[in-house]
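Shown next: start.cif, given as mmCIF, C-alpha atoms.
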data_protein
loop_
_atom_site.label_atom_id
_atom_site.label_comp_id
_atom_site.auth_asym_id
_atom_site.auth_seq_id
_atom_site.Cartn_x
_atom_site.Cartn_y
_atom_site.Cartn_z
CA MET A 743 41.75 -132.14 -4.15
CA ASN A 744 41.24 -131.52 -7.86
CA ASN A 745 41.31 -128.04 -9.42
CA ALA A 746 37.52 -127.69 -9.63
CA LEU A 747 37.10 -128.43 -5.92
CA ARG A 748 39.92 -126.02 -5.02
CA ILE A 749 38.23 -123.19 -6.99
CA THR A 750 34.84 -123.90 -5.38
CA ALA A 751 36.30 -123.88 -1.85
CA PHE A 752 38.23 -120.65 -2.50
CA ALA A 753 35.10 -118.90 -3.83
CA ALA A 754 33.08 -119.92 -0.78
CA ALA A 755 35.78 -118.66 1.61
CA LEU A 756 36.06 -115.39 -0.28
CA ALA A 757 32.28 -114.82 -0.15
CA ALA A 758 32.24 -115.48 3.60
CA THR A 759 35.09 -113.01 4.15
CA PHE A 760 33.39 -110.20 2.23
CA GLY A 761 30.08 -110.90 4.00
CA THR A 762 31.75 -110.61 7.40
CA ALA A 763 33.55 -107.38 6.42
CA TYR A 764 30.32 -105.80 5.19
CA GLY A 765 28.55 -106.66 8.44
CA VAL A 766 31.35 -105.15 10.55
CA GLY A 767 31.36 -101.98 8.47
CA ARG A 768 27.62 -101.50 8.93
CA SER A 769 27.84 -102.08 12.67
CA VAL A 770 30.67 -99.64 13.46
CA ASP A 771 29.51 -96.78 11.21
CA PRO A 772 25.79 -96.05 11.59
CA LEU A 773 26.12 -92.97 9.36
CA VAL A 774 26.67 -95.23 6.36
CA ALA A 775 22.92 -95.75 6.25
CA ALA A 776 22.05 -92.05 6.54
CA GLU A 777 20.67 -91.89 3.01
CA ASP A 778 18.15 -94.61 3.89
CA ARG A 779 16.52 -92.49 6.57
CA PRO A 780 13.55 -90.19 5.96
CA ALA A 781 14.62 -86.72 4.86
CA GLN A 782 12.90 -85.00 7.76
CA GLN A 783 15.22 -86.77 10.19
CA HIS A 784 18.31 -85.05 8.80
CA GLY A 785 19.65 -81.71 9.88
CA GLY A 786 18.29 -78.99 7.63
CA HIS A 787 16.05 -76.01 7.29
CA GLY A 788 13.08 -77.67 8.84
CA GLY A 789 15.19 -78.57 11.83
CA GLY A 790 12.97 -77.69 14.82
CA GLU A 791 12.15 -80.74 16.91
CA GLU A 792 8.90 -81.49 18.71
CA GLY A 793 7.88 -84.03 21.28
CA GLY A 794 9.85 -85.87 23.92
CA ALA A 795 12.87 -88.12 23.95
CA LYS A 796 14.01 -89.89 20.83
CA PRO A 797 17.16 -91.94 20.35
CA ALA A 798 20.10 -90.03 18.90
CA ALA A 799 20.21 -92.30 15.86
CA ASP A 800 16.81 -90.93 14.81
CA HIS A 801 18.34 -87.50 14.30
CA ALA A 802 21.01 -88.14 11.70
CA PRO A 803 22.70 -84.82 10.88
CA GLY A 804 23.06 -83.48 7.37
CA GLY A 805 26.11 -82.41 5.45
CA LEU A 806 28.17 -85.56 5.98
CA GLN A 807 27.47 -86.87 2.47
CA ILE A 808 27.84 -85.38 -0.99
CA SER A 809 24.96 -87.48 -2.35
CA GLU A 810 21.67 -88.38 -0.75
CA GLY A 811 18.11 -89.14 -1.78
CA GLY A 812 18.98 -89.19 -5.47
CA TYR A 813 20.70 -85.77 -5.44
CA THR A 814 24.40 -84.85 -5.59
CA LEU A 815 26.25 -81.63 -4.79
CA ASP A 816 28.64 -80.89 -7.68
CA LEU A 817 31.17 -78.29 -6.47
CA ALA A 818 32.79 -76.81 -9.58
CA THR A 819 35.15 -74.60 -7.55
CA PRO A 820 36.89 -76.96 -5.10
CA THR A 821 39.84 -74.59 -4.49
CA VAL A 822 40.06 -70.85 -3.80
CA ARG A 823 42.86 -68.62 -2.53
CA ALA A 824 42.87 -67.01 0.90
CA GLY A 825 42.37 -63.25 0.86
CA ALA A 826 41.19 -63.14 -2.75
CA ARG A 827 37.60 -62.47 -3.74
CA THR A 828 36.51 -65.55 -5.69
CA GLU A 829 33.28 -66.78 -7.23
CA ILE A 830 32.26 -70.22 -6.03
CA ARG A 831 30.18 -72.18 -8.53
CA PHE A 832 28.23 -75.37 -7.93
CA ALA A 833 25.12 -77.29 -8.95
CA VAL A 834 22.76 -79.84 -7.49
CA LYS A 835 22.28 -82.79 -9.83
CA ASP A 836 19.56 -85.42 -9.82
CA ASP A 837 20.13 -89.16 -10.23
CA SER A 838 20.14 -88.73 -14.02
CA GLY A 839 23.00 -86.23 -13.85
CA ARG A 840 20.79 -83.26 -14.76
CA LYS A 841 21.15 -79.95 -12.92
CA VAL A 842 18.17 -79.23 -10.70
CA THR A 843 16.38 -76.00 -11.66
CA ALA A 844 13.19 -76.21 -9.56
CA TYR A 845 13.22 -75.79 -5.77
CA GLN A 846 10.78 -75.07 -3.00
CA ARG A 847 11.41 -71.74 -1.29
CA GLU A 848 12.41 -72.05 2.36
CA HIS A 849 12.51 -68.84 4.38
CA GLY A 850 12.47 -66.74 1.24
CA LYS A 851 15.27 -68.58 -0.58
CA GLU A 852 15.52 -71.62 -2.85
CA LEU A 853 18.84 -72.66 -1.35
CA HIS A 854 20.94 -71.72 1.67
CA PHE A 855 24.70 -72.10 1.34
CA ILE A 856 26.80 -72.48 4.50
CA LEU A 857 30.59 -72.39 4.51
CA ALA A 858 32.80 -73.15 7.52
CA SER A 859 36.45 -73.91 8.18
CA THR A 860 37.14 -77.29 9.73
CA ASP A 861 38.52 -75.60 12.84
CA LEU A 862 35.15 -73.76 13.07
CA THR A 863 36.71 -70.31 13.38
CA GLN A 864 35.43 -69.11 9.98
CA TYR A 865 31.76 -69.17 9.01
CA ARG A 866 29.58 -67.74 6.26
CA HIS A 867 25.83 -68.04 5.61
CA LEU A 868 25.46 -67.15 1.92
CA HIS A 869 22.62 -66.99 -0.58
CA PRO A 870 23.93 -67.69 -4.07
CA VAL A 871 22.27 -66.82 -7.35
CA ARG A 872 20.97 -69.57 -9.65
CA ALA A 873 21.37 -69.33 -13.41
CA ALA A 874 18.69 -70.69 -15.72
CA ASP A 875 20.71 -73.87 -16.34
CA GLY A 876 20.82 -74.71 -12.61
CA THR A 877 24.34 -73.44 -11.88
CA TRP A 878 24.64 -71.56 -8.58
CA SER A 879 27.29 -68.91 -7.91
CA THR A 880 28.30 -66.66 -5.04
CA PRO A 881 31.31 -64.43 -4.35
CA VAL A 882 33.37 -65.20 -1.26
CA ASP A 883 36.47 -63.71 0.36
CA LEU A 884 38.01 -65.97 3.00
CA PRO A 885 40.85 -64.48 5.05
CA GLU A 886 42.30 -67.74 6.35
CA ALA A 887 43.78 -70.68 4.46
CA GLY A 888 42.93 -74.26 5.34
CA ASP A 889 40.32 -76.97 4.88
CA TYR A 890 36.68 -75.91 4.68
CA ARG A 891 33.32 -77.58 4.28
CA VAL A 892 30.42 -76.21 2.25
CA PHE A 893 26.77 -77.13 2.81
CA ALA A 894 23.85 -76.77 0.40
CA ASP A 895 20.57 -76.72 2.34
CA PHE A 896 17.55 -77.03 0.01
CA THR A 897 14.28 -78.76 -0.84
CA PRO A 898 13.79 -79.88 -4.46
CA ALA A 899 10.42 -79.11 -6.02
CA ALA A 900 9.90 -82.79 -6.87
CA ALA A 901 6.78 -84.06 -5.11
CA ASP A 902 8.55 -86.90 -3.28
CA ALA A 903 11.62 -84.90 -2.22
CA GLY A 904 12.23 -83.66 1.32
CA ASN A 905 14.68 -81.17 2.75
CA LEU A 906 18.32 -82.12 2.16
CA THR A 907 21.69 -80.83 3.29
CA LEU A 908 24.59 -81.99 1.13
CA GLY A 909 28.24 -81.25 1.89
CA ALA A 910 31.52 -81.03 -0.01
CA ASP A 911 35.12 -80.16 0.82
CA LEU A 912 36.66 -76.82 -0.15
CA ALA A 913 40.42 -76.10 -0.04
CA VAL A 914 41.57 -72.54 0.63
CA SER A 915 45.20 -72.16 -0.40
CA GLY A 916 47.73 -69.97 1.37
CA ALA A 917 49.78 -69.97 4.56
CA TYR A 918 47.88 -72.22 6.94
CA ARG A 919 47.82 -71.54 10.68
CA PRO A 920 45.38 -73.92 12.38
CA ALA A 921 43.47 -72.39 15.28
CA ALA A 922 42.18 -74.01 18.44
CA LEU A 923 38.45 -74.24 18.93
CA PRO A 924 37.32 -71.33 21.13
CA ALA A 925 36.62 -72.35 24.71
CA PRO A 926 33.04 -72.85 25.90
CA GLY A 927 31.33 -69.78 27.33
CA ALA A 928 27.84 -68.34 27.48
CA THR A 929 28.52 -64.88 26.03
CA ALA A 930 29.55 -63.60 22.59
CA GLU A 931 30.41 -60.04 21.57
CA VAL A 932 29.97 -58.81 18.00
CA ASP A 933 30.00 -55.19 16.72
CA GLY A 934 29.09 -53.82 20.14
CA TYR A 935 26.28 -56.33 20.67
CA ARG A 936 26.30 -58.79 23.55
CA VAL A 937 24.54 -62.12 23.01
CA VAL A 938 23.94 -64.45 25.95
CA LEU A 939 23.18 -68.13 25.45
CA GLY A 940 20.86 -69.97 27.83
CA GLY A 941 19.10 -73.32 27.83
CA GLU A 942 20.61 -76.57 26.71
CA LEU A 943 21.50 -78.64 23.66
CA ARG A 944 20.99 -82.32 24.44
CA ALA A 945 21.98 -85.54 22.75
CA GLY A 946 19.01 -87.48 21.40
CA ARG A 947 16.44 -85.24 23.11
CA SER A 948 14.89 -81.95 22.11
CA GLY A 949 15.98 -78.96 24.16
CA GLU A 950 15.38 -75.24 24.08
CA LEU A 951 18.13 -72.73 23.41
CA LYS A 952 17.53 -69.08 24.31
CA LEU A 953 19.66 -66.26 22.98
CA SER A 954 19.29 -62.74 24.36
CA VAL A 955 20.65 -59.72 22.46
CA SER A 956 21.64 -56.43 24.10
CA ARG A 957 23.69 -53.36 23.22
CA ASN A 958 25.26 -50.83 25.58
CA GLY A 959 23.65 -52.67 28.47
CA ARG A 960 20.14 -52.35 27.07
CA PRO A 961 18.02 -55.19 25.65
CA VAL A 962 17.46 -55.02 21.89
CA THR A 963 13.69 -55.21 21.44
CA ASP A 964 13.48 -54.31 17.76
CA LEU A 965 15.31 -57.10 15.96
CA GLN A 966 14.43 -57.13 12.27
CA PRO A 967 13.18 -60.12 10.31
CA TYR A 968 15.96 -61.85 8.41
CA LEU A 969 14.70 -64.29 5.78
CA GLY A 970 11.34 -64.28 7.48
CA ALA A 971 12.59 -64.92 11.03
CA TYR A 972 14.13 -62.98 13.90
CA GLY A 973 17.12 -65.29 14.00
CA HIS A 974 18.74 -68.26 12.29
CA LEU A 975 20.82 -70.83 14.09
CA VAL A 976 23.33 -73.30 12.62
CA ALA A 977 25.12 -75.91 14.73
CA LEU A 978 28.20 -77.79 13.50
CA ARG A 979 29.71 -80.73 15.36
CA SER A 980 33.44 -80.39 15.93
CA GLY A 981 35.45 -83.08 14.14
CA ASP A 982 33.20 -84.13 11.27
CA LEU A 983 31.18 -80.87 10.90
CA ALA A 984 27.83 -82.65 11.06
CA TYR A 985 25.24 -79.98 10.33
CA LEU A 986 22.07 -78.89 12.13
CA HIS A 987 20.00 -75.88 11.07
CA VAL A 988 17.02 -74.85 13.15
CA HIS A 989 14.72 -71.85 13.26
CA PRO A 990 13.15 -69.90 16.06
CA ASN A 991 10.08 -70.74 18.03
CA GLU A 992 7.21 -68.26 17.95
CA GLY A 993 8.14 -64.98 19.56
CA GLY A 994 8.60 -61.26 19.18
CA PRO A 995 11.44 -59.12 17.84
CA GLY A 996 13.71 -59.52 20.84
CA PRO A 997 15.52 -59.29 23.04
CA GLU A 998 15.25 -63.09 23.28
CA VAL A 999 15.07 -65.56 20.43
CA SER A 1000 14.45 -69.22 21.29
CA PHE A 1001 15.09 -72.38 19.29
CA THR A 1002 14.25 -76.04 19.74
CA ALA A 1003 16.95 -78.44 18.60
CA THR A 1004 18.26 -81.97 19.10
CA ALA A 1005 21.96 -82.88 18.99
CA PRO A 1006 22.58 -86.19 17.19
CA SER A 1007 25.27 -87.23 19.68
CA ALA A 1008 27.41 -86.11 22.57
CA GLY A 1009 30.39 -83.97 21.64
CA THR A 1010 31.49 -80.39 21.12
CA TYR A 1011 29.46 -78.13 18.84
CA ARG A 1012 29.90 -74.64 17.45
CA LEU A 1013 26.70 -72.59 17.29
CA PHE A 1014 26.29 -69.64 14.91
CA LEU A 1015 23.41 -67.20 15.42
CA ASP A 1016 22.53 -64.81 12.57
CA PHE A 1017 20.44 -61.82 13.65
CA LYS A 1018 19.55 -58.54 11.97
CA HIS A 1019 19.39 -55.10 13.55
CA GLU A 1020 19.45 -51.63 12.03
CA GLY A 1021 19.66 -53.10 8.55
CA LYS A 1022 22.74 -55.29 9.09
CA VAL A 1023 23.10 -59.02 9.67
CA ARG A 1024 25.56 -60.07 12.35
CA THR A 1025 26.76 -63.46 13.54
CA ALA A 1026 27.44 -64.46 17.14
CA ALA A 1027 29.24 -67.76 17.75
CA PHE A 1028 29.33 -70.09 20.75
CA THR A 1029 31.10 -73.31 21.67
CA VAL A 1030 28.85 -75.84 23.42
CA ARG A 1031 29.59 -79.24 24.94
CA VAL A 1032 26.88 -81.90 24.91
CA ALA A 1033 27.11 -84.76 27.41
CA GLU A 1034 26.26 -88.38 26.81
CA PRO A 1035 22.56 -89.19 27.32
CA GLY A 1036 21.90 -90.37 30.87
CA ASN A 1037 24.81 -88.49 32.44
CA ASP A 1038 24.09 -86.64 35.67
CA ASP A 1039 23.91 -83.30 33.88
CA GLY A 1040 21.41 -84.74 31.37
CA GLY A 1041 23.39 -83.35 28.46
CA HIS A 1042 23.23 -79.81 29.83
CA ARG A 1043 25.13 -77.05 28.15
CA GLU A 1044 28.49 -76.55 29.85
CA GLY A 1045 28.99 -73.21 28.23
CA GLY A 1046 28.97 -71.39 24.97
CA ALA A 1047 30.45 -68.39 23.35
CA GLY A 1048 33.60 -67.61 21.54
CA ALA A 1049 34.62 -64.76 19.34
CA PRO A 1050 32.29 -64.19 16.38
CA ALA A 1051 33.47 -66.22 13.41
CA GLY A 1052 32.24 -64.05 10.58
CA HIS A 1053 29.27 -62.19 9.17
CA ALA A 1054 26.63 -63.50 6.82
CA HIS A 1055 26.28 -61.53 3.64
#
Entire entry expressed as structure tokens:
Amino acid sequence: MNNALRITAFAAALAATFGTAYGVGRSVDPLVAAEDRPAQQHGGHGGGEEGGAKPAADHAPGGLQISEGGYTLDLATPTVRAGARTEIRFAVKDDSGRKVTAYQREHGKELHFILASTDLTQYRHLHPVRAADGTWSTPVDLPEAGDYRVFADFTPAAADAGNLTLGADLAVSGAYRPAALPAPGATAEVDGYRVVLGGELRAGRSGELKLSVSRNGRPVTDLQPYLGAYGHLVALRSGDLAYLHVHPNEGGPGPEVSFTATAPSAGTYRLFLDFKHEGKVRTAAFTVRVAEPGNDDGGHREGGAGAPAGHAH
């Protein structure tokens, strides 16, 4: 075979190899195509689900990607020190590299900033301040070293933009002592309040979660609005920290707050409920296991509740 024929044959083989590899990659990792899905199908501030069963793939969670829909989360402070009060700075950039300065307000804020350790024992729901140039900043004091994930939950003001949740890694330096995920249970205690979790979180199907708040054995019937709602719920999937953020169904100021949510897959999740009473926001945390769709328990909650992971500020 002459040189020209050898080169032609090699190029054809190489093209076939890369084509096969690309097809395998797409088939084993459905999250690769997350940015191609409509924005409303991602976890985010508009997260309440309606209707009946939908396949889990239709509910791709947010926070797994740093860029999506033409926007990128630029974390300017990728490292902080444990136990030291530090200012975290970041920006959201459009596909031209410009900092975004115009947002739609969701629940009273232009952007919600969630921070969690990868072992899901530390959690913060923060509301940073935006400078005129589009740079966001917020102080934070994290007591434990380790790997963290930050989430920016926002809706750009651009007419064709939907709600997005972008994520980035944050390193907290110091002596690292990894903690085990708290065991499932249906009760959480925080600052003298008892929060009981009922209902179910299901894979690929909408389900109702009900959280009842009491103190000293008495139901709390005068919860205060926090960001325009009587409660805010964030769910993070253990392992990859896939993010879901839903808001309450219609209801009064307690003692029960209900949410409608859909888990994107089976697995273990950590749920964080922010509620406000007597002028202070508190966070109750639960561990929940979600079964595979079609199992005998129908994806029923096996339990919730662990020690509270932190307070929103």
So which residues touch Arg847 in chain A within 9 Å, counting only C-alpha atoms, skipping near sequence neighbours fewer than 2 positions away, as a PyMOL selection string?
chain A and resi 845+849-853+896-897+899
List, as JSON, numbers by chain, every residue that the PyMOL selection byres ((chain A and resi 865) around 12) selects in the file provided.
{"A": [855, 856, 857, 858, 859, 860, 861, 862, 863, 864, 866, 867, 868, 882, 883, 884, 885, 886, 890, 891, 892, 893, 976, 977, 978, 983, 1012, 1013, 1014, 1015, 1016, 1024, 1025, 1026, 1027, 1049, 1050, 1051, 1052, 1053, 1054, 1055]}
Output file for the residues above (C-alpha atoms, as a short mmCIF file (atom, residue, chain, number, x, y, z; two decimals), in the frame of the given file):
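The resulting out-v5.cif:
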data_model
loop_
_atom_site.label_atom_id
_atom_site.label_comp_id
_atom_site.auth_asym_id
_atom_site.auth_seq_id
_atom_site.Cartn_x
_atom_site.Cartn_y
_atom_site.Cartn_z
CA PHE A 855 24.70 -72.10 1.34
CA ILE A 856 26.80 -72.48 4.50
CA LEU A 857 30.59 -72.39 4.51
CA ALA A 858 32.80 -73.15 7.52
CA SER A 859 36.45 -73.91 8.18
CA THR A 860 37.14 -77.29 9.73
CA ASP A 861 38.52 -75.60 12.84
CA LEU A 862 35.15 -73.76 13.07
CA THR A 863 36.71 -70.31 13.38
CA GLN A 864 35.43 -69.11 9.98
CA ARG A 866 29.58 -67.74 6.26
CA HIS A 867 25.83 -68.04 5.61
CA LEU A 868 25.46 -67.15 1.92
CA VAL A 882 33.37 -65.20 -1.26
CA ASP A 883 36.47 -63.71 0.36
CA LEU A 884 38.01 -65.97 3.00
CA PRO A 885 40.85 -64.48 5.05
CA GLU A 886 42.30 -67.74 6.35
CA TYR A 890 36.68 -75.91 4.68
CA ARG A 891 33.32 -77.58 4.28
CA VAL A 892 30.42 -76.21 2.25
CA PHE A 893 26.77 -77.13 2.81
CA VAL A 976 23.33 -73.30 12.62
CA ALA A 977 25.12 -75.91 14.73
CA LEU A 978 28.20 -77.79 13.50
CA LEU A 983 31.18 -80.87 10.90
CA ARG A 1012 29.90 -74.64 17.45
CA LEU A 1013 26.70 -72.59 17.29
CA PHE A 1014 26.29 -69.64 14.91
CA LEU A 1015 23.41 -67.20 15.42
CA ASP A 1016 22.53 -64.81 12.57
CA ARG A 1024 25.56 -60.07 12.35
CA THR A 1025 26.76 -63.46 13.54
CA ALA A 1026 27.44 -64.46 17.14
CA ALA A 1027 29.24 -67.76 17.75
CA ALA A 1049 34.62 -64.76 19.34
CA PRO A 1050 32.29 -64.19 16.38
CA ALA A 1051 33.47 -66.22 13.41
CA GLY A 1052 32.24 -64.05 10.58
CA HIS A 1053 29.27 -62.19 9.17
CA ALA A 1054 26.63 -63.50 6.82
CA HIS A 1055 26.28 -61.53 3.64
#
On this structure, the PyMOL selection byres ((chain A and resi 962-969) around 7) would catch which residues? List them as number ranges by chain, sorted by chain and number.
A: 849-850, 955-957, 960-961, 970-973, 995-997, 1017-1019
Could you tell me, as a list in words, exactly which residues end up selected when the PyMOL selection byres ((chain A and resi 953) around 7) is applied to this structure?
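Those residues are Val937, Val938, Leu939, Gly940, Leu951, Lys952, Ser954, Val955, Glu998, Val999 and Ser1000 of chain A.
Distance-wise, CA of Val988 in chain A and CA of Ser809 in chain A end up 21.5 Å apart.
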Since fewer atoms than expected are present, regenerate N, CA and C atoms for range 845-859 of chain A and write them as a short mmCIF file (atom, residue, chain, number, x, y, z; two decimals), in the coordinates of the input.
data_model
loop_
_atom_site.label_atom_id
_atom_site.label_comp_id
_atom_site.auth_asym_id
_atom_site.auth_seq_id
_atom_site.Cartn_x
_atom_site.Cartn_y
_atom_site.Cartn_z
N TYR A 845 13.09 -75.62 -7.21
CA TYR A 845 13.22 -75.79 -5.77
C TYR A 845 12.01 -75.20 -5.06
N GLN A 846 11.73 -75.72 -3.88
CA GLN A 846 10.78 -75.07 -3.00
C GLN A 846 11.51 -73.94 -2.25
N ARG A 847 10.82 -72.85 -2.03
CA ARG A 847 11.41 -71.74 -1.29
C ARG A 847 11.27 -72.00 0.21
N GLU A 848 12.39 -71.89 0.90
CA GLU A 848 12.41 -72.05 2.36
C GLU A 848 12.94 -70.76 2.95
N HIS A 849 12.11 -70.10 3.75
CA HIS A 849 12.51 -68.84 4.38
C HIS A 849 12.99 -67.84 3.34
N GLY A 850 12.23 -67.75 2.26
CA GLY A 850 12.47 -66.74 1.24
C GLY A 850 13.51 -67.08 0.21
N LYS A 851 14.19 -68.23 0.35
CA LYS A 851 15.27 -68.58 -0.58
C LYS A 851 15.09 -70.01 -1.08
N GLU A 852 15.55 -70.26 -2.31
CA GLU A 852 15.52 -71.62 -2.85
C GLU A 852 16.61 -72.49 -2.25
N LEU A 853 17.71 -71.88 -1.85
CA LEU A 853 18.84 -72.66 -1.35
C LEU A 853 19.64 -71.79 -0.40
N HIS A 854 20.07 -72.39 0.71
CA HIS A 854 20.94 -71.72 1.67
C HIS A 854 22.31 -72.39 1.61
N PHE A 855 23.35 -71.59 1.54
CA PHE A 855 24.70 -72.10 1.34
C PHE A 855 25.55 -71.70 2.55
N ILE A 856 26.00 -72.70 3.29
CA ILE A 856 26.80 -72.48 4.50
C ILE A 856 28.24 -72.90 4.22
N LEU A 857 29.17 -72.11 4.72
CA LEU A 857 30.59 -72.39 4.51
C LEU A 857 31.30 -72.23 5.85
N ALA A 858 32.10 -73.21 6.24
CA ALA A 858 32.80 -73.15 7.52
C ALA A 858 34.16 -73.81 7.41
N SER A 859 35.14 -73.26 8.12
CA SER A 859 36.45 -73.91 8.18
C SER A 859 36.36 -75.10 9.13
#
